[in-house]
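*Asks:* Hey, dropping target-v9.pdb in here, PDB, C-alpha atoms:
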```pdb
ATOM      1  CA  MET D   1      80.768 123.759  64.418
ATOM      2  CA  SER D   2      77.188 122.757  63.669
ATOM      3  CA  LEU D   3      74.498 122.509  66.330
ATOM      4  CA  ARG D   4      74.385 118.741  65.881
ATOM      5  CA  GLU D   5      78.127 118.455  66.431
ATOM      6  CA  ARG D   6      77.946 120.614  69.570
ATOM      7  CA  GLN D   7      75.133 118.438  70.884
ATOM      8  CA  ARG D   8      77.126 115.293  70.136
ATOM      9  CA  LEU D   9      80.147 116.613  72.011
ATOM     10  CA  GLN D  10      77.985 117.666  74.960
ATOM     11  CA  VAL D  11      76.393 114.215  75.245
ATOM     12  CA  ARG D  12      79.824 112.605  75.073
ATOM     13  CA  ALA D  13      81.140 114.937  77.785
ATOM     14  CA  ASP D  14      78.125 114.214  80.000
ATOM     15  CA  LEU D  15      78.668 110.481  79.602
ATOM     16  CA  GLN D  16      82.358 110.777  80.460
ATOM     17  CA  ARG D  17      81.698 112.906  83.522
ATOM     18  CA  ALA D  18      79.046 110.488  84.797
ATOM     19  CA  ALA D  19      81.249 107.467  84.093
ATOM     20  CA  PHE D  20      84.266 108.933  85.904
ATOM     21  CA  GLU D  21      82.192 109.634  89.005
ATOM     22  CA  LEU D  22      80.687 106.146  89.006
ATOM     23  CA  PHE D  23      83.997 104.386  88.326
ATOM     24  CA  ALA D  24      85.738 106.280  91.126
ATOM     25  CA  ARG D  25      82.930 105.508  93.558
ATOM     26  CA  ASP D  26      82.000 101.927  92.681
ATOM     27  CA  GLY D  27      84.892 100.572  90.616
ATOM     28  CA  PHE D  28      85.161 100.150  86.866
ATOM     29  CA  ASP D  29      84.001  96.534  86.710
ATOM     30  CA  ALA D  30      80.952  97.116  88.909
ATOM     31  CA  VAL D  31      79.488  99.949  86.812
ATOM     32  CA  THR D  32      77.101  99.074  83.983
ATOM     33  CA  THR D  33      76.447 100.979  80.788
ATOM     34  CA  GLU D  34      72.832 101.396  81.923
ATOM     35  CA  GLN D  35      74.022 103.130  85.101
ATOM     36  CA  ILE D  36      76.248 105.488  83.131
ATOM     37  CA  ALA D  37      73.431 106.361  80.743
ATOM     38  CA  ALA D  38      71.026 107.006  83.624
ATOM     39  CA  ALA D  39      73.536 109.186  85.475
ATOM     40  CA  ALA D  40      74.106 111.219  82.309
ATOM     41  CA  GLY D  41      70.373 111.577  81.718
ATOM     42  CA  VAL D  42      70.246 109.692  78.404
ATOM     43  CA  SER D  43      68.793 106.403  77.209
ATOM     44  CA  PRO D  44      70.911 103.256  76.732
ATOM     45  CA  SER D  45      70.369 103.518  72.977
ATOM     46  CA  THR D  46      71.754 107.062  73.016
ATOM     47  CA  TYR D  47      74.718 105.825  75.038
ATOM     48  CA  PHE D  48      75.602 103.247  72.393
ATOM     49  CA  ARG D  49      75.308 105.821  69.610
ATOM     50  CA  HIS D  50      78.124 107.784  71.259
ATOM     51  CA  VAL D  51      80.233 105.178  73.056
ATOM     52  CA  ARG D  52      81.557 101.824  71.873
ATOM     53  CA  SER D  53      82.652 100.598  75.307
ATOM     54  CA  LYS D  54      83.372 101.647  78.875
ATOM     55  CA  GLU D  55      87.072 101.368  78.076
ATOM     56  CA  ASP D  56      86.761 104.065  75.415
ATOM     57  CA  LEU D  57      85.443 106.528  77.978
ATOM     58  CA  LEU D  58      88.656 106.145  79.964
ATOM     59  CA  LEU D  59      91.132 105.916  77.104
ATOM     60  CA  GLU D  60      89.751 108.632  74.839
ATOM     61  CA  PRO D  61      91.093 111.592  76.876
ATOM     62  CA  VAL D  62      94.626 110.282  76.371
ATOM     63  CA  HIS D  63      94.173 109.479  72.678
ATOM     64  CA  GLU D  64      92.815 112.973  71.999
ATOM     65  CA  GLY D  65      96.214 114.407  72.871
ATOM     66  CA  GLY D  66      97.869 113.155  69.677
ATOM     67  CA  ALA D  67      96.588 115.852  67.358
ATOM     68  CA  GLY D  68      97.421 118.449  69.980
ATOM     69  CA  ILE D  69     101.023 117.275  70.252
ATOM     70  CA  VAL D  70     101.455 117.383  66.466
ATOM     71  CA  ALA D  71     100.067 120.921  66.319
ATOM     72  CA  LEU D  72     102.353 122.058  69.128
ATOM     73  CA  VAL D  73     105.438 120.593  67.428
ATOM     74  CA  GLU D  74     104.474 122.396  64.228
ATOM     75  CA  GLN D  75     104.337 125.658  66.183
ATOM     76  CA  ARG D  76     107.767 125.267  67.827
ATOM     77  CA  PRO D  77     110.619 127.444  66.466
ATOM     78  CA  GLY D  78     112.229 125.893  63.415
ATOM     79  CA  SER D  79     115.709 126.308  64.898
ATOM     80  CA  GLU D  80     114.844 124.228  67.962
ATOM     81  CA  PRO D  81     116.490 120.779  68.183
ATOM     82  CA  ALA D  82     114.165 117.874  67.431
ATOM     83  CA  ASP D  83     114.318 116.296  70.885
ATOM     84  CA  ALA D  84     113.638 119.602  72.660
ATOM     85  CA  ALA D  85     110.744 120.441  70.306
ATOM     86  CA  LEU D  86     109.100 117.074  70.935
ATOM     87  CA  ALA D  87     109.650 117.208  74.689
ATOM     88  CA  ARG D  88     108.330 120.749  75.044
ATOM     89  CA  ALA D  89     105.270 120.025  72.896
ATOM     90  CA  ILE D  90     104.398 116.918  74.919
ATOM     91  CA  LEU D  91     104.937 118.769  78.187
ATOM     92  CA  ALA D  92     102.786 121.689  76.995
ATOM     93  CA  ARG D  93     100.007 119.260  76.173
ATOM     94  CA  SER D  94     100.341 117.682  79.622
ATOM     95  CA  THR D  95      99.948 121.060  81.318
ATOM     96  CA  ALA D  96      96.979 122.178  79.228
ATOM     97  CA  LEU D  97      94.385 120.724  81.615
ATOM     98  CA  THR D  98      93.729 121.789  85.193
ATOM     99  CA  ALA D  99      93.762 119.438  88.180
ATOM    100  CA  ALA D 100      89.975 119.809  88.393
ATOM    101  CA  GLU D 101      89.718 118.417  84.874
ATOM    102  CA  ILE D 102      92.199 115.544  85.100
ATOM    103  CA  ASP D 103      91.943 114.379  88.713
ATOM    104  CA  PRO D 104      88.465 112.821  88.237
ATOM    105  CA  TRP D 105      89.835 110.920  85.240
ATOM    106  CA  ARG D 106      92.790 109.643  87.278
ATOM    107  CA  ALA D 107      90.519 108.518  90.136
ATOM    108  CA  ALA D 108      88.363 106.633  87.637
ATOM    109  CA  PHE D 109      91.322 105.135  85.779
ATOM    110  CA  ARG D 110      92.848 103.744  88.964
ATOM    111  CA  THR D 111      89.856 101.410  89.279
ATOM    112  CA  ALA D 112      90.750  99.809  85.921
ATOM    113  CA  PRO D 113      94.411  98.775  86.296
ATOM    114  CA  HIS D 114      94.052  96.283  83.434
ATOM    115  CA  LEU D 115      93.857  99.267  81.075
ATOM    116  CA  MET D 116      97.146 100.767  82.259
ATOM    117  CA  ASP D 117      99.194  99.177  79.490
ATOM    118  CA  ARG D 118      96.819 100.647  76.911
ATOM    119  CA  VAL D 119      97.692 104.234  77.831
ATOM    120  CA  THR D 120      99.034 105.409  74.483
ATOM    121  CA  LEU D 121      99.399 109.074  73.714
ATOM    122  CA  ILE D 122      99.017 109.039  69.991
ATOM    123  CA  ALA D 123      97.347 107.345  67.033
ATOM    124  CA  PRO D 124      99.451 105.841  64.203
ATOM    125  CA  GLU D 125      98.713 108.684  61.786
ATOM    126  CA  HIS D 126      99.830 111.293  64.310
ATOM    127  CA  ARG D 127     102.927 109.274  65.149
ATOM    128  CA  SER D 128     103.832 109.183  61.447
ATOM    129  CA  ARG D 129     103.413 112.945  61.206
ATOM    130  CA  LEU D 130     105.690 113.430  64.209
ATOM    131  CA  VAL D 131     108.354 111.309  62.528
ATOM    132  CA  GLU D 132     108.093 113.517  59.420
ATOM    133  CA  LEU D 133     108.392 116.703  61.481
ATOM    134  CA  THR D 134     111.292 115.291  63.469
ATOM    135  CA  ALA D 135     113.139 114.250  60.317
ATOM    136  CA  GLN D 136     112.743 117.768  58.948
ATOM    137  CA  ARG D 137     114.355 119.223  62.066
ATOM    138  CA  MET D 138     117.153 116.674  61.934
ATOM    139  CA  GLY D 139     117.747 117.283  58.241
ATOM    140  CA  CYS D 140     117.482 113.639  57.251
ATOM    141  CA  ASP D 141     115.301 111.176  55.357
ATOM    142  CA  PRO D 142     113.280 108.983  57.778
ATOM    143  CA  GLU D 143     113.167 106.240  55.127
ATOM    144  CA  ILE D 144     116.948 105.922  55.344
ATOM    145  CA  ASP D 145     117.832 107.281  58.773
ATOM    146  CA  SER D 146     116.161 105.516  61.705
ATOM    147  CA  ARG D 147     116.886 108.270  64.222
ATOM    148  CA  PRO D 148     113.685 110.329  63.724
ATOM    149  CA  GLY D 149     111.455 107.299  64.223
ATOM    150  CA  LEU D 150     113.490 106.125  67.184
ATOM    151  CA  LEU D 151     113.404 109.550  68.833
ATOM    152  CA  VAL D 152     109.631 109.851  68.442
ATOM    153  CA  HIS D 153     109.171 106.337  69.823
ATOM    154  CA  LEU D 154     111.372 107.042  72.836
ATOM    155  CA  MET D 155     109.782 110.412  73.597
ATOM    156  CA  LEU D 156     106.258 109.021  73.484
ATOM    157  CA  ALA D 157     107.249 105.969  75.518
ATOM    158  CA  ALA D 158     108.828 108.241  78.138
ATOM    159  CA  ALA D 159     105.722 110.427  78.281
ATOM    160  CA  GLU D 160     103.470 107.381  78.608
ATOM    161  CA  PHE D 161     105.668 106.167  81.473
ATOM    162  CA  GLY D 162     105.207 109.555  83.119
ATOM    163  CA  TYR D 163     101.437 109.303  82.725
ATOM    164  CA  ARG D 164     101.397 105.856  84.327
ATOM    165  CA  GLN D 165     103.607 107.058  87.172
ATOM    166  CA  TRP D 166     101.208 109.935  87.811
ATOM    167  CA  ILE D 167      98.129 107.692  87.699
ATOM    168  CA  ARG D 168      99.658 105.292  90.210
ATOM    169  CA  SER D 169     100.775 107.988  92.693
ATOM    170  CA  PRO D 170      97.744 110.092  93.710
ATOM    171  CA  GLN D 171      98.992 110.259  97.298
ATOM    172  CA  ASN D 172     102.211 111.986  96.215
ATOM    173  CA  ARG D 173     101.178 115.635  95.897
ATOM    174  CA  GLY D 174     104.598 116.546  94.545
ATOM    175  CA  ALA D 175     104.223 114.133  91.633
ATOM    176  CA  SER D 176     101.902 116.169  89.445
ATOM    177  CA  LEU D 177     101.332 115.147  85.834
ATOM    178  CA  PRO D 178     103.760 117.778  84.463
ATOM    179  CA  VAL D 179     106.427 116.767  87.001
ATOM    180  CA  CYS D 180     106.129 113.069  86.120
ATOM    181  CA  VAL D 181     106.089 113.696  82.373
ATOM    182  CA  GLU D 182     108.950 116.198  82.428
ATOM    183  CA  GLY D 183     111.135 113.865  84.486
ATOM    184  CA  ALA D 184     110.599 111.045  82.007
ATOM    185  CA  LEU D 185     111.165 113.238  78.947
ATOM    186  CA  THR D 186     114.382 114.713  80.313
ATOM    187  CA  ALA D 187     115.920 111.245  80.363
ATOM    188  CA  VAL D 188     115.636 111.100  76.559
ATOM    189  CA  LEU D 189     117.216 114.493  75.807
ATOM    190  CA  HIS D 190     120.748 114.025  74.495
ATOM    191  CA  PRO D 191     123.154 115.589  71.976
ATOM    192  CA  ARG D 192     122.890 112.428  69.871
ATOM    193  CA  TRP D 193     119.643 113.855  68.470
ATOM    194  CA  ALA D 194     121.369 116.986  67.194
ATOM    195  CA  SER D 195     120.471 118.067  63.682
ATOM    196  CA  ALA D 196     122.936 118.130  60.849
ATOM    197  CA  ASP D 197     124.225 121.555  61.899
ATOM    198  CA  GLY D 198     125.146 120.272  65.344
ATOM    199  CA  VAL D 199     122.697 122.374  67.395
ATOM    200  CA  GLU D 200     122.021 120.661  70.699
ATOM    201  CA  SER D 201     118.996 120.711  72.980
ATOM    202  CA  GLU D 202     118.935 122.775  76.171
ATOM    203  CA  GLY D 203     116.290 121.097  78.308
ATOM    204  CA  VAL D 204     112.525 120.650  78.423
ATOM    205  CA  GLU D 205     111.401 123.975  79.858
ATOM    206  CA  SER D 206     110.672 126.663  77.273
TER     207      SER D 206
END
```
Represent the structure from my file as structure tokens, please.
*Replies:*
Amino acid sequence: MSLRERQRLQVRADLQRAAFELFARDGFDAVTTEQIAAAAGVSPSTYFRHVRSKEDLLLEPVHEGGAGIVALVEQRPGSEPADAALARAILARSTALTAAEIDPWRAAFRTAPHLMDRVTLIAPEHRSRLVELTAQRMGCDPEIDSRPGLLVHLMLAAAEFGYRQWIRSPQNRGASLPVCVEGALTAVLHPRWASADGVESEGVES
């Protein structure tokens, strides 16, 4: 990674950290871009070179997970059923961050409830790749068989539901992000997703 790229990532991280603190304290709507820039120690013009909108600062951490989920599915054992591979990859991604890293984001996000329905785990190109990987595990052609696309859609929808449940329940200490996501994913696991050789899934935990 070049020095310029490292600097760009550092500025972006500083802006996110400052924004999360301000959103949690004052509310999303009350915070201005000028306040975020000042708290991060940069000029407004620098802010707009790195950030398109306040919404992006909140939604980007979720969107970044798509590439990670794809990579984790690619690393799962080839003999693993498609539904289990997807569920375990998504759960692994959900447990990759510590509470200290994700709790500030949740506190900030709760001040912008209008963004809740825009919590989407994955970009279209990553979703397409997941369908390809799922079809390979199921031994079918996704252009003919709708099951791979349907399974990916259901798994991601379940995980997004888990994320929303976690965001809305900060007072429930037992409802951690992994607990919420795993509970939602488990509801999708079923022998109907077995591959052509009839191997069935055995649960989310690896």
*Asks:* Evaluate the PyMOL selection byres ((chain D and resi 107-111) around 9) on the structure here and hand back the selected residues as an mmCIF file with C-alpha atoms, in the coordinates of the input.
*Replies:*
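To be explicit, this is the file written out as selection25.cif:
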```cif
data_model
loop_
_atom_site.group_PDB
_atom_site.id
_atom_site.type_symbol
_atom_site.label_atom_id
_atom_site.label_comp_id
_atom_site.auth_asym_id
_atom_site.auth_seq_id
_atom_site.Cartn_x
_atom_site.Cartn_y
_atom_site.Cartn_z
ATOM 1 C CA ALA D 19 81.249 107.467 84.093
ATOM 2 C CA PHE D 20 84.266 108.933 85.904
ATOM 3 C CA GLU D 21 82.192 109.634 89.005
ATOM 4 C CA LEU D 22 80.687 106.146 89.006
ATOM 5 C CA PHE D 23 83.997 104.386 88.326
ATOM 6 C CA ALA D 24 85.738 106.280 91.126
ATOM 7 C CA ARG D 25 82.930 105.508 93.558
ATOM 8 C CA ASP D 26 82.000 101.927 92.681
ATOM 9 C CA GLY D 27 84.892 100.572 90.616
ATOM 10 C CA PHE D 28 85.161 100.150 86.866
ATOM 11 C CA ASP D 29 84.001 96.534 86.710
ATOM 12 C CA LEU D 58 88.656 106.145 79.964
ATOM 13 C CA LEU D 59 91.132 105.916 77.104
ATOM 14 C CA ILE D 102 92.199 115.544 85.100
ATOM 15 C CA ASP D 103 91.943 114.379 88.713
ATOM 16 C CA PRO D 104 88.465 112.821 88.237
ATOM 17 C CA TRP D 105 89.835 110.920 85.240
ATOM 18 C CA ARG D 106 92.790 109.643 87.278
ATOM 19 C CA ALA D 112 90.750 99.809 85.921
ATOM 20 C CA PRO D 113 94.411 98.775 86.296
ATOM 21 C CA HIS D 114 94.052 96.283 83.434
ATOM 22 C CA LEU D 115 93.857 99.267 81.075
ATOM 23 C CA MET D 116 97.146 100.767 82.259
ATOM 24 C CA ILE D 167 98.129 107.692 87.699
ATOM 25 C CA ARG D 168 99.658 105.292 90.210
ATOM 26 C CA PRO D 170 97.744 110.092 93.710
#
```
*Asks:* Report as a list in words the full result of the PyMOL selection byres ((chain D and resi 176) around 10) when it is applied to this structure.
*Replies:*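 Applying the PyMOL selection byres ((chain D and resi 176) around 10) to the structure shown produces Thr95, Ala99, Gly162, Tyr163, Gln165, Trp166, Ile167, Ser169, Pro170, Asn172, Arg173, Gly174, Ala175, Leu177, Pro178, Val179, Cys180, Val181 and Glu182 of chain D.
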*Asks:* Determine the nearest neighbour of D:Ala67 from the options D:Met155, D:Ala123, D:Ala39, D:Ala85, counting all atoms listed in the file.
*Replies:*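 Counting all atoms listed in the file, the residue closest to D:Ala67 is D:Ala123.
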*Asks:* Find, counting only C-alpha atoms, the residue in D:Leu154, D:Leu57, D:Val42, D:Ile69 that gets nearest to D:His190.
*Replies:*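 The shortest atom-to-atom distance to D:His190 comes from D:Leu154.
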*Asks:* Hey, which of D:Ala157, D:Pro61, D:Arg12, D:Phe48 ends up closest to D:Glu101? Count only C-alpha atoms.
*Replies:* D:Pro61
*Asks:* Evaluate the PyMOL selection byres ((chain D and resi 156) around 9) on the structure here and hand back the selected residues as a ChimeraX atom specification.
*Replies:* /D:86-87,90,120-122,127,151-155,157-161,185
*Asks:* So the first atom is atom CA of D:Glu80 and the second is atom CA of D:Pro124; what is the distance between them in Å, to one decimal place?
*Replies:*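 Atom-to-atom, atom CA of D:Glu80 and atom CA of D:Pro124 are spaced 24.3 Å apart.
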*Asks:* Taking 3 positions as the minimum chain separation for residues in the same chain, which residues sit within 9 Å of D:Gly68 when counting all atoms listed in the file? Answer as a list in words.
*Replies:* Glu64, Gly65, Ala71, Leu72, Val73, Ala89, Ile90 and Arg93 of chain D
*Asks:* So the first atom is atom CA of D:Ala84 and the second is atom CA of D:Trp193; what is the distance between them in Å, to one decimal place?
*Replies:*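 These atoms are spaced 9.3 Å apart.
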*Asks:* When you draw a straight line from atom CA of D:Leu15 to atom CA of D:Leu97, how long is it in Å?
*Replies:*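 Spanning atom CA of D:Leu15 to atom CA of D:Leu97 is a straight-line distance of 18.9 Å.
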*Asks:* List every protein, DNA or RNA residue that has at least one atom no more than 12 Å from (113.0, 109.1, 60.5) in the file's coordinates, counting only C-alpha atoms, and write the result as a PyMOL selection string.
*Replies:* chain D and resi 82+127-153+193
*Asks:* Listed atoms of stretch 32-47 of chain D, axis-aligned box, 4 Å per side: centre and edge lengths to one decimal in Å, as AutoDock Vina command-line options?
*Replies:*
```
--center_x 72.9 --center_y 105.3 --center_z 79.2 --size_x 16.3 --size_y 20.5 --size_z 20.5
```
*Asks:* Nearest to D:Arg192 among D:Arg17, D:Asp83, D:Glu5, D:Ser53, with distances taken over only C-alpha atoms: which residue is it?
*Replies:*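 Closest residue, counting only C-alpha atoms: D:Asp83.
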